[in-house]
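Trainee: Supplied structure: model_26.cif, mmCIF, C-alpha atoms.
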```cif
data_my_file
loop_
_atom_site.label_atom_id
_atom_site.label_comp_id
_atom_site.auth_asym_id
_atom_site.auth_seq_id
_atom_site.Cartn_x
_atom_site.Cartn_y
_atom_site.Cartn_z
CA MET Q 268 -13.61 -39.41 2.37
CA PRO Q 269 -10.94 -37.76 0.17
CA VAL Q 270 -7.34 -38.43 1.08
CA THR Q 271 -5.44 -35.58 2.75
CA GLN Q 272 -1.91 -34.33 2.33
CA LYS Q 273 -1.26 -35.33 5.94
CA GLU Q 274 -2.24 -38.93 5.22
CA MET Q 275 -0.02 -38.96 2.13
CA ALA Q 276 2.88 -37.57 4.15
CA GLU Q 277 2.47 -40.28 6.80
CA ARG Q 278 2.45 -43.04 4.18
CA LEU Q 279 5.60 -41.69 2.54
CA GLY Q 280 7.39 -40.80 5.79
CA VAL Q 281 7.88 -37.13 4.88
CA SER Q 282 6.47 -33.81 6.12
CA ARG Q 283 3.09 -32.47 5.01
CA GLN Q 284 4.81 -29.31 3.77
CA LEU Q 285 7.07 -31.39 1.54
CA VAL Q 286 4.01 -33.10 0.07
CA SER Q 287 2.39 -29.68 -0.50
CA PHE Q 288 5.51 -28.35 -2.24
CA ALA Q 289 5.81 -31.45 -4.41
CA LEU Q 290 2.19 -31.23 -5.55
CA ALA Q 291 2.55 -27.52 -6.30
CA GLY Q 292 5.77 -28.00 -8.27
CA LYS Q 293 7.75 -25.74 -5.92
CA PRO Q 294 11.54 -25.90 -5.49
CA GLY Q 295 13.25 -27.58 -2.55
CA VAL Q 296 11.92 -31.08 -3.28
CA SER Q 297 14.14 -33.84 -4.68
CA ALA Q 298 13.15 -35.49 -7.95
CA LYS Q 299 12.63 -38.85 -6.17
CA VAL Q 300 10.32 -37.43 -3.49
CA ARG Q 301 8.38 -35.44 -6.09
CA GLU Q 302 7.91 -38.60 -8.18
CA ASN Q 303 6.80 -40.64 -5.14
CA VAL Q 304 4.28 -37.96 -4.06
CA ARG Q 305 2.76 -37.65 -7.50
CA ALA Q 306 2.57 -41.41 -7.92
CA LEU Q 307 0.76 -41.78 -4.59
CA ALA Q 308 -1.58 -38.89 -5.43
CA LEU Q 309 -2.50 -40.62 -8.68
CA GLU Q 310 -2.97 -43.97 -6.93
CA LEU Q 311 -5.24 -42.50 -4.24
CA GLY Q 312 -7.16 -40.14 -6.54
CA TYR Q 313 -5.99 -37.05 -4.67
CA GLU Q 314 -7.48 -33.75 -5.91
CA GLU Q 315 -6.45 -30.48 -4.27
CA HIS Q 316 -9.82 -28.70 -4.61
CA THR Q 317 -11.68 -31.74 -3.26
CA ASN Q 318 -9.24 -31.98 -0.38
CA ARG Q 319 -9.80 -28.36 0.55
CA SER Q 320 -13.56 -28.72 0.42
CA ALA Q 321 -13.41 -31.72 2.74
CA ARG Q 322 -11.32 -29.83 5.27
CA LEU Q 323 -13.67 -26.86 5.20
CA LEU Q 324 -16.74 -29.04 5.64
CA ALA Q 325 -15.16 -30.93 8.52
CA GLY Q 326 -14.18 -27.69 10.20
CA ARG Q 327 -17.68 -26.27 9.92
CA ARG Q 328 -19.20 -29.41 11.41
CA ASN Q 329 -16.86 -29.10 14.38
CA GLY Q 330 -17.64 -25.41 14.87
CA ARG Q 331 -14.18 -24.17 13.90
CA ARG Q 332 -12.54 -22.50 10.92
CA ALA Q 333 -10.52 -25.09 9.02
CA LYS Q 334 -7.39 -24.05 7.18
CA SER Q 335 -7.85 -23.83 3.43
CA GLY Q 336 -4.35 -22.73 2.47
CA ILE Q 337 -5.84 -19.67 0.70
CA ILE Q 338 -5.64 -15.99 1.58
CA ALA Q 339 -7.72 -13.36 -0.19
CA LEU Q 340 -6.33 -10.03 -1.30
CA ILE Q 341 -9.19 -7.54 -1.66
CA LEU Q 342 -8.40 -4.41 -3.65
CA PRO Q 343 -10.34 -1.20 -4.26
CA SER Q 344 -12.63 -1.41 -7.29
CA PRO Q 345 -10.72 -0.60 -10.51
CA THR Q 346 -11.10 2.94 -11.83
CA SER Q 347 -9.61 4.35 -15.01
CA SER Q 348 -6.49 2.17 -14.76
CA PRO Q 349 -6.10 -1.31 -13.26
CA ILE Q 350 -4.81 -1.04 -9.70
CA ARG Q 351 -2.34 -3.87 -10.25
CA SER Q 352 -0.49 -1.92 -12.94
CA HIS Q 353 0.08 1.08 -10.66
CA PRO Q 354 3.68 1.11 -9.34
CA PHE Q 355 2.53 1.99 -5.82
CA HIS Q 356 0.49 -1.20 -5.55
CA SER Q 357 2.47 -3.57 -7.76
CA GLN Q 358 5.43 -3.90 -5.39
CA LEU Q 359 3.08 -4.61 -2.49
CA LEU Q 360 1.16 -7.23 -4.46
CA ASP Q 361 4.25 -8.93 -5.88
CA ASN Q 362 5.73 -9.38 -2.41
CA ILE Q 363 2.45 -10.61 -0.92
CA GLU Q 364 2.42 -13.34 -3.57
CA LEU Q 365 6.12 -14.15 -3.11
CA GLU Q 366 5.76 -14.54 0.67
CA ALA Q 367 2.60 -16.60 0.24
CA GLU Q 368 4.40 -18.92 -2.16
CA VAL Q 369 7.24 -19.45 0.31
CA ARG Q 370 4.67 -20.41 2.93
CA GLY Q 371 2.78 -22.76 0.61
CA LEU Q 372 -0.30 -20.53 0.40
CA ASP Q 373 -2.43 -19.55 -2.58
CA VAL Q 374 -3.57 -15.95 -3.10
CA PHE Q 375 -7.03 -15.15 -4.44
CA ILE Q 376 -7.29 -11.55 -5.72
CA CYS Q 377 -10.61 -9.75 -6.07
CA SER Q 378 -12.18 -6.30 -5.85
CA MET Q 379 -14.30 -4.81 -3.08
CA ARG Q 380 -18.07 -5.08 -3.40
CA ASN Q 381 -20.79 -2.96 -1.89
CA GLU Q 382 -22.33 -5.93 -0.11
CA GLY Q 383 -19.24 -6.67 1.96
CA ILE Q 384 -17.29 -9.90 1.61
CA PRO Q 385 -17.23 -11.09 -2.03
CA PRO Q 386 -19.27 -14.33 -2.35
CA LEU Q 387 -16.38 -16.39 -3.72
CA VAL Q 388 -14.20 -15.41 -0.77
CA ARG Q 389 -16.85 -16.90 1.53
CA GLU Q 390 -17.13 -20.00 -0.64
CA LEU Q 391 -13.37 -20.59 -0.57
CA GLY Q 392 -13.28 -20.36 3.21
CA VAL Q 393 -10.06 -18.36 3.16
CA ASP Q 394 -7.64 -18.40 6.08
CA GLY Q 395 -7.51 -14.61 6.14
CA LEU Q 396 -7.85 -11.38 4.21
CA ILE Q 397 -5.47 -8.62 3.20
CA THR Q 398 -7.38 -5.44 2.39
CA MET Q 399 -6.12 -2.34 0.64
CA GLY Q 400 -8.51 0.58 0.88
CA TYR Q 401 -11.40 0.91 3.32
CA HIS Q 402 -15.00 -0.17 2.84
CA ALA Q 403 -17.28 -0.02 5.90
CA ALA Q 404 -19.56 -2.91 4.87
CA LEU Q 405 -16.58 -5.18 4.21
CA GLN Q 406 -14.86 -4.38 7.51
CA GLU Q 407 -18.09 -4.87 9.47
CA ALA Q 408 -18.65 -8.27 7.83
CA VAL Q 409 -15.05 -9.30 8.46
CA ARG Q 410 -15.36 -8.39 12.15
CA SER Q 411 -18.71 -10.14 12.58
CA GLU Q 412 -17.38 -13.36 11.03
CA ALA Q 413 -14.06 -13.14 12.91
CA ILE Q 414 -11.97 -13.55 9.76
CA PRO Q 415 -8.30 -12.64 10.32
CA ASN Q 416 -7.63 -9.41 8.43
CA VAL Q 417 -4.56 -7.30 7.65
CA GLN Q 418 -5.47 -3.76 6.60
CA PHE Q 419 -2.99 -1.51 4.79
CA PHE Q 420 -2.61 2.21 5.54
CA ILE Q 421 -5.95 2.83 7.30
CA GLU Q 422 -6.92 2.30 10.95
CA SER Q 423 -9.65 -0.34 11.24
CA PRO Q 424 -10.87 -1.72 14.61
CA GLY Q 425 -10.38 -5.47 14.91
CA ALA Q 426 -7.89 -5.66 12.05
CA ILE Q 427 -4.12 -6.02 12.02
CA CYS Q 428 -3.09 -2.63 10.62
CA LEU Q 429 0.12 -1.91 8.73
CA MET Q 430 0.65 1.83 8.59
CA VAL Q 431 3.16 4.30 7.19
CA ASP Q 432 4.35 7.19 9.36
CA ALA Q 433 2.77 9.73 6.99
CA ARG Q 434 3.03 12.63 9.45
CA ARG Q 435 6.74 12.14 9.94
CA GLY Q 436 7.23 11.58 6.20
CA VAL Q 437 5.77 14.96 5.23
CA ALA Q 438 7.74 16.61 8.04
CA GLN Q 439 10.90 15.04 6.57
CA ALA Q 440 9.99 16.36 3.11
CA THR Q 441 9.44 19.87 4.47
CA GLU Q 442 12.63 19.73 6.54
CA HIS Q 443 14.56 18.70 3.43
CA LEU Q 444 13.48 21.91 1.69
CA ILE Q 445 14.24 24.00 4.80
CA GLU Q 446 17.75 22.52 4.97
CA LEU Q 447 18.30 23.55 1.34
CA GLY Q 448 17.48 27.13 2.35
CA HIS Q 449 13.79 27.44 1.42
CA ARG Q 450 11.72 29.69 3.67
CA ARG Q 451 8.46 29.98 1.73
CA ILE Q 452 7.10 26.47 1.28
CA ALA Q 453 3.65 25.56 -0.01
CA TYR Q 454 1.69 22.36 0.58
CA MET Q 455 -0.77 20.65 -1.76
CA GLY Q 456 -2.97 17.80 -0.57
CA HIS Q 457 -6.37 16.22 -0.27
CA ARG Q 458 -9.44 17.18 1.70
CA PRO Q 459 -9.50 15.96 5.34
CA GLU Q 460 -11.77 12.98 4.61
CA PHE Q 461 -9.05 11.33 2.51
CA SER Q 462 -6.83 8.72 4.14
CA ASN Q 463 -3.98 10.34 6.11
CA ALA Q 464 -4.79 13.80 4.72
CA SER Q 465 -4.86 15.44 8.15
CA GLU Q 466 -1.73 13.60 9.28
CA ARG Q 467 0.25 14.71 6.24
CA LEU Q 468 -0.83 18.32 6.64
CA ALA Q 469 0.14 18.15 10.33
CA GLY Q 470 3.64 16.99 9.35
CA TYR Q 471 4.06 20.04 7.11
CA VAL Q 472 2.91 22.41 9.88
CA GLU Q 473 5.08 20.74 12.52
CA ALA Q 474 8.20 21.17 10.39
CA LEU Q 475 7.55 24.89 9.90
CA GLN Q 476 6.49 25.86 13.44
CA PRO Q 477 9.77 25.34 15.35
CA ARG Q 478 11.59 27.49 12.78
CA SER Q 479 9.02 30.33 12.95
CA LEU Q 480 8.38 30.03 9.21
CA ASP Q 481 5.14 31.33 7.71
CA ILE Q 482 2.16 28.97 7.80
CA GLU Q 483 -0.14 30.83 5.45
CA ASP Q 484 -3.55 29.69 4.26
CA ARG Q 485 -2.70 30.88 0.75
CA LEU Q 486 0.24 28.46 0.70
CA GLN Q 487 -2.02 25.47 1.40
CA GLU Q 488 -4.19 23.91 -1.30
CA LEU Q 489 -6.35 21.29 0.43
CA SER Q 490 -9.34 20.92 -1.87
CA ILE Q 491 -8.07 18.14 -4.14
CA VAL Q 492 -10.53 15.25 -4.45
CA SER Q 493 -8.89 12.83 -6.90
CA GLN Q 494 -5.60 11.01 -7.34
CA SER Q 495 -4.39 12.15 -10.75
CA ALA Q 496 -1.75 14.31 -12.38
CA ALA Q 497 -4.55 16.48 -13.75
CA ALA Q 498 -5.72 17.11 -10.17
CA GLY Q 499 -2.16 18.10 -9.26
CA ALA Q 500 -2.07 20.58 -12.14
CA ARG Q 501 -5.39 22.09 -11.03
CA GLY Q 502 -4.19 22.32 -7.44
CA PHE Q 503 -1.03 24.12 -8.58
CA ASP Q 504 -3.13 26.57 -10.58
CA ALA Q 505 -5.21 27.24 -7.44
CA LEU Q 506 -2.06 28.08 -5.48
CA LEU Q 507 -0.91 30.48 -8.19
CA ALA Q 508 -4.34 32.14 -8.39
CA ARG Q 509 -3.87 33.31 -4.78
CA ASP Q 510 -0.30 34.48 -5.39
CA PRO Q 511 0.11 38.20 -6.33
CA ALA Q 512 3.83 37.63 -7.01
CA PHE Q 513 3.04 35.24 -9.86
CA ALA Q 514 0.79 37.80 -11.52
CA ARG Q 515 3.60 40.39 -11.37
CA THR Q 516 6.69 38.31 -12.14
CA GLY Q 517 5.60 34.98 -13.60
CA LYS Q 518 7.28 33.24 -10.65
CA PRO Q 519 5.46 32.05 -7.49
CA HIS Q 520 6.02 33.69 -4.13
CA PHE Q 521 6.91 30.26 -2.71
CA THR Q 522 10.13 28.49 -3.73
CA GLY Q 523 9.28 25.03 -2.39
CA LEU Q 524 6.25 22.74 -2.74
CA VAL Q 525 5.45 19.59 -0.77
CA CYS Q 526 2.75 17.32 -2.23
CA TYR Q 527 0.51 14.65 -0.71
CA ASN Q 528 1.86 12.06 -3.18
CA ASP Q 529 3.97 11.68 -6.31
CA THR Q 530 0.97 11.72 -8.64
CA LEU Q 531 -0.06 15.21 -7.54
CA ALA Q 532 3.58 16.31 -7.56
CA MET Q 533 4.08 15.15 -11.16
CA GLY Q 534 0.99 17.07 -12.23
CA ALA Q 535 2.28 20.19 -10.46
CA VAL Q 536 5.74 19.90 -12.10
CA GLU Q 537 4.25 19.46 -15.57
CA ARG Q 538 1.97 22.46 -15.09
CA ALA Q 539 4.80 24.59 -13.67
CA GLU Q 540 6.98 23.92 -16.68
CA GLU Q 541 4.10 24.73 -19.04
CA LEU Q 542 3.97 28.15 -17.34
CA GLY Q 543 7.71 28.70 -17.67
CA ILE Q 544 8.46 27.91 -14.01
CA ARG Q 545 11.58 25.76 -14.02
CA VAL Q 546 11.99 22.84 -11.62
CA PRO Q 547 14.14 23.00 -9.52
CA ASP Q 548 15.66 26.36 -10.58
CA ASP Q 549 12.52 28.38 -9.82
CA LEU Q 550 10.61 25.86 -7.70
CA SER Q 551 11.65 22.74 -5.75
CA VAL Q 552 9.02 19.98 -5.53
CA VAL Q 553 8.87 16.97 -3.19
CA GLY Q 554 6.35 14.12 -3.48
CA PHE Q 555 5.39 11.13 -1.34
CA ASP Q 556 5.27 7.36 -2.10
CA ASP Q 557 8.31 7.30 -4.44
CA VAL Q 558 6.70 5.96 -7.61
CA SER Q 559 7.67 8.57 -10.21
CA ALA Q 560 10.74 6.64 -11.38
CA ALA Q 561 8.46 3.79 -12.51
CA HIS Q 562 6.76 6.30 -14.82
CA GLY Q 563 10.10 7.47 -16.25
CA PHE Q 564 9.27 10.97 -15.01
CA ARG Q 565 11.68 13.86 -15.57
CA PRO Q 566 13.02 15.68 -13.72
CA ALA Q 567 13.53 12.76 -11.33
CA LEU Q 568 11.28 13.50 -8.37
CA THR Q 569 12.52 13.89 -4.81
CA SER Q 570 10.06 11.85 -2.75
CA VAL Q 571 9.26 10.36 0.65
CA SER Q 572 9.85 6.62 0.45
CA PHE Q 573 9.14 3.55 2.57
CA ASP Q 574 9.69 -0.18 2.16
CA ARG Q 575 6.60 -1.44 0.30
CA ALA Q 576 8.24 -4.80 -0.41
CA ALA Q 577 8.74 -5.40 3.32
CA MET Q 578 5.14 -4.35 4.01
CA GLY Q 579 3.82 -6.90 1.52
CA ARG Q 580 5.83 -9.73 3.03
CA ARG Q 581 4.96 -8.67 6.57
CA ALA Q 582 1.22 -8.75 5.81
CA VAL Q 583 1.38 -12.47 4.96
CA GLU Q 584 3.63 -13.21 7.93
CA LEU Q 585 1.20 -11.54 10.33
CA LEU Q 586 -1.78 -13.41 8.89
CA CYS Q 587 0.07 -16.66 9.56
CA THR Q 588 0.74 -15.69 13.20
CA GLU Q 589 -2.41 -13.69 13.95
CA GLU Q 590 -3.49 -16.00 16.78
CA THR Q 591 -0.45 -14.85 18.81
CA LEU Q 592 -1.03 -11.11 18.30
CA PRO Q 593 -2.83 -8.72 20.66
CA VAL Q 594 -6.21 -7.31 19.63
CA ASP Q 595 -5.97 -4.29 17.31
CA TYR Q 596 -2.30 -4.91 16.56
CA ARG Q 597 -0.59 -1.97 14.81
CA GLU Q 598 2.74 -1.74 13.06
CA THR Q 599 4.13 1.47 11.54
CA PHE Q 600 6.79 1.57 8.84
CA PRO Q 601 9.34 4.42 8.86
CA THR Q 602 9.93 6.86 6.01
CA HIS Q 603 12.91 8.64 4.50
CA VAL Q 604 13.48 11.17 1.73
CA GLU Q 605 14.98 10.01 -1.57
CA VAL Q 606 16.69 13.12 -2.90
CA ARG Q 607 16.64 13.56 -6.67
CA ALA Q 608 16.65 16.29 -9.30
CA SER Q 609 13.37 18.08 -8.48
CA SER Q 610 14.73 19.79 -5.36
CA GLY Q 611 17.59 22.24 -4.97
CA VAL Q 612 18.62 25.51 -3.37
CA PRO Q 613 16.05 28.31 -3.67
CA ARG Q 614 16.27 30.81 -6.51
CA LEU Q 615 17.87 34.20 -5.93
CA GLU Q 616 15.35 37.02 -5.62
#
```
Here is a file; write its structure as C-alpha cells.
Mentor:
Amino acid sequence: MPVTQKEMAERLGVSRQLVSFALAGKPGVSAKVRENVRALALELGYEEHTNRSARLLAGRRNGRRAKSGIIALILPSPTSSPIRSHPFHSQLLDNIELEAEVRGLDVFICSMRNEGIPPLVRELGVDGLITMGYHAALQEAVRSEAIPNVQFFIESPGAICLMVDARRGVAQATEHLIELGHRRIAYMGHRPEFSNASERLAGYVEALQPRSLDIEDRLQELSIVSQSAAAGARGFDALLARDPAFARTGKPHFTGLVCYNDTLAMGAVERAEELGIRVPDDLSVVGFDDVSAAHGFRPALTSVSFDRAAMGRRAVELLCTEETLPVDYRETFPTHVEVRASSGVPRLE
C-alpha cells in the first residue's frame, strides 16, 4: 500500500499540511523540514499521483468520497478567443488558483462537454467543481453524483451560487446618468433567454419609473444575441434606425445609453464616433463588468463594477466548507459605478 502524507507527517512529527507544502515546494516551510520531508519521500518511494489514487480507491470501497486535493474549474467551450485571456474571466481564474494554492489544492481546468462531466474530471475524483456558464447536462450529472459545486452568476438548484446584483447594478448605472441631468436614456441588452438579461432590463426600468421618465420601446434594443463589439455596433444602429431626430440632426434623441456589458458599450461608442456622435459630448455611455480598461479603450468607459477577485477566492473557500452550508446556498456580491470619461452632463439642445 503506498505511503500517505499523513504517515510521513507522523514519522517526522509535523503536520500533514506542512508535508504537503514541502512536497509542493510552497513557502512557509523551513529548509531543514523541507529536506527531511523530501528525504523520507525518497526513502519510502512516495509518489503524489499514486498516493491520490490509493485514497480514491479506498474511499470508493468504503462507500464515501475520498479527498483528492483537486478541484476542477469547468469553463464554457472556447469560441473565437480563449476564455482565459478575456479580462472578465482572467481575474476570477487567477484568484481561484491563488486561493487554491494557499489551501494546498490543485486546480484542473477544462471546458464543458455535451455529455456532462468531462471524463478526466471523473477519473481524478475531484473534491468539487467550480463552473462558469450553464450546461443542463453537466448540472444534472453533478447533482446526481452529489459532487460539491460552486456556480458563478447563474441560479442552479443544488449548487452553491455566487451571484452579482445585476438588477441593482443597472439601476445604479441609470441613476448615475439621471444625476448628471440626463432625461432621455436608452438601454441596449440581450434577449431574455440570456443570463441576467431580464434582471438588467428591470434595473433600468426601476431607475426611470420613480422619476416619471419616459420608458419607451424605441429606446430599448433587446435583440442582441452575441457578446461582441460588433453586436454592440449593430444594436446602436438599430436604436438610431428608430430615431427620427437622428435622421434630421445627426444626433440621437437620447443623450444617455446604458449597456448590458462593456463589450456592447465599446461597440456602441466606436460606432457612435464613426457617425460623428461624440462621447460624452453628444452621448454618455455606461457599461457593466468594468473590463474596458484592460483593452486600453478610449474614452475610458464608465462602468458598473464588482469585486471579481473576491468572488474567485470565495468560490474556493465555499468549496472547502460546503458540508457546513445550507442546501441551495446563495451569495450576492454588490455593485458600484466606476465613473470615467464616457459619461458627462447632457448636451444642450
Trainee: I'd like the contact shell of Q:Ile363 - 10 Å cut-off, all atoms listed in the file, skipping same-chain residues fewer than 3 positions apart - returned as a short mmCIF file (atom, residue, chain, number, x, y, z; two decimals) with C-alpha atoms, keeping the file's coordinate frame.
Mentor:
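out.cif, freshly written:
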```
data_model
loop_
_atom_site.label_atom_id
_atom_site.label_comp_id
_atom_site.auth_asym_id
_atom_site.auth_seq_id
_atom_site.Cartn_x
_atom_site.Cartn_y
_atom_site.Cartn_z
CA LEU Q 340 -6.33 -10.03 -1.30
CA SER Q 357 2.47 -3.57 -7.76
CA GLN Q 358 5.43 -3.90 -5.39
CA LEU Q 359 3.08 -4.61 -2.49
CA LEU Q 360 1.16 -7.23 -4.46
CA GLU Q 366 5.76 -14.54 0.67
CA ALA Q 367 2.60 -16.60 0.24
CA GLU Q 368 4.40 -18.92 -2.16
CA VAL Q 374 -3.57 -15.95 -3.10
CA ILE Q 397 -5.47 -8.62 3.20
CA ALA Q 576 8.24 -4.80 -0.41
CA ALA Q 577 8.74 -5.40 3.32
CA MET Q 578 5.14 -4.35 4.01
CA GLY Q 579 3.82 -6.90 1.52
CA ARG Q 580 5.83 -9.73 3.03
CA ARG Q 581 4.96 -8.67 6.57
CA ALA Q 582 1.22 -8.75 5.81
CA VAL Q 583 1.38 -12.47 4.96
CA GLU Q 584 3.63 -13.21 7.93
#
```
Trainee: Quick one: residues within 12 Å of Q:Ile491, all atoms listed in the file counted, chain neighbours fewer than 5 positions away excluded, as a list in words?
Mentor: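 Neighbouring residues, sequence-local ones excluded: Tyr454, Met455, Gly456, His457, Arg458, Pro459, Glu460, Phe461, Ala464, Ala496, Ala497, Ala498, Gly499, Ala500, Arg501, Gly502, Phe503, Asp504, Ala505, Leu506, Cys526, Tyr527, Asn528, Thr530 and Leu531 of chain Q.
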Trainee: Select, from Q:Leu372, Q:Leu568, Q:Ala276, Q:Leu405, the residue with the minimum atom-to-atom distance to Q:Ala308, counting all atoms listed in the file.
Mentor: Q:Ala276
Trainee: Which one of Q:Arg389, Q:Pro613, Q:Phe555, Q:Val536 sits closest to Q:Leu444 if you count all atoms listed in the file?
Mentor: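 Of Q:Arg389, Q:Pro613, Q:Phe555, Q:Val536, the one nearest Q:Leu444 is Q:Pro613, counting all atoms listed in the file.
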Trainee: Could you produce a table of the residues of stretch 409-461 of chain Q lying within 12 Å of stretch 512-519 of chain Q, with the nearest pair of atoms per residue and their separation in Å rounded to one decimal, using all atoms listed in the file, ordered by chain and increasing residue number, as a Markdown table?
Mentor:
```
| residue | atom | partner | partner_atom | distance |
| --- | --- | --- | --- | --- |
| Q:Arg451 | CA | Q:Pro519 | CA | 9.9 |
| Q:Ile452 | CA | Q:Pro519 | CA | 10.5 |
| Q:Ala453 | CA | Q:Pro519 | CA | 10.1 |
```
Trainee: Between atom CA of Q:Gln406 and atom CA of Q:Leu585, what is the distance in Å, rounded to a tenth?
Mentor: 17.8 Å
Trainee: When you look at Q:Val431 with a cut-off of 12 Å (counting all atoms listed in the file), what residues show up, excluding the ones that are within fewer than 4 positions of it in the same chain? I need them as a list in words.
Mentor: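 Result of the neighbour search: Gln418, Phe419, Phe420, Ile421, Glu422, Arg435, Gly436, Val437, Ser462, Asn463, Glu466, Arg467, Phe555, Asp556, Val571, Ser572, Phe573, Asp574, Arg575, Ala577, Met578, Arg597, Glu598, Thr599, Phe600, Pro601, Thr602 and His603 of chain Q.
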Trainee: Considering only C-alpha atoms, return as a list in words whatever protein or nucleic-acid residues lie within 12 Å of Q:Pro593, sequence-local ones (same chain, fewer than 3 positions apart) excluded.
Mentor: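 Near neighbours after the sequence-gap exclusion: Gly425, Ala426, Ile427, Cys428, Leu585, Thr588, Glu589, Glu590, Tyr596, Arg597 and Glu598 of chain Q.
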Trainee: With the file shown as input, list the residues that the PyMOL selection byres ((chain Q and resi 400) around 6) selects, as a VMD selection string.
Mentor: chain Q and resid 343 399 401
Trainee: To one decimal in Å, tell me the separation between atom CA of Q:His402 and atom CA of Q:Met430.
Mentor: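 These two atoms are separated by 16.8 Å.
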Trainee: Would you write out, as a list of chain:residue names, every residue that the PyMOL selection byres ((chain Q and resi 550) around 8) captures in this file?
Mentor: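 Answer for the PyMOL selection byres ((chain Q and resi 550) around 8): Q:Phe521, Q:Thr522, Q:Gly523, Q:Leu524, Q:Ile544, Q:Arg545, Q:Val546, Q:Pro547, Q:Asp548, Q:Asp549, Q:Ser551, Q:Val552, Q:Ser610, Q:Pro613, Q:Arg614.
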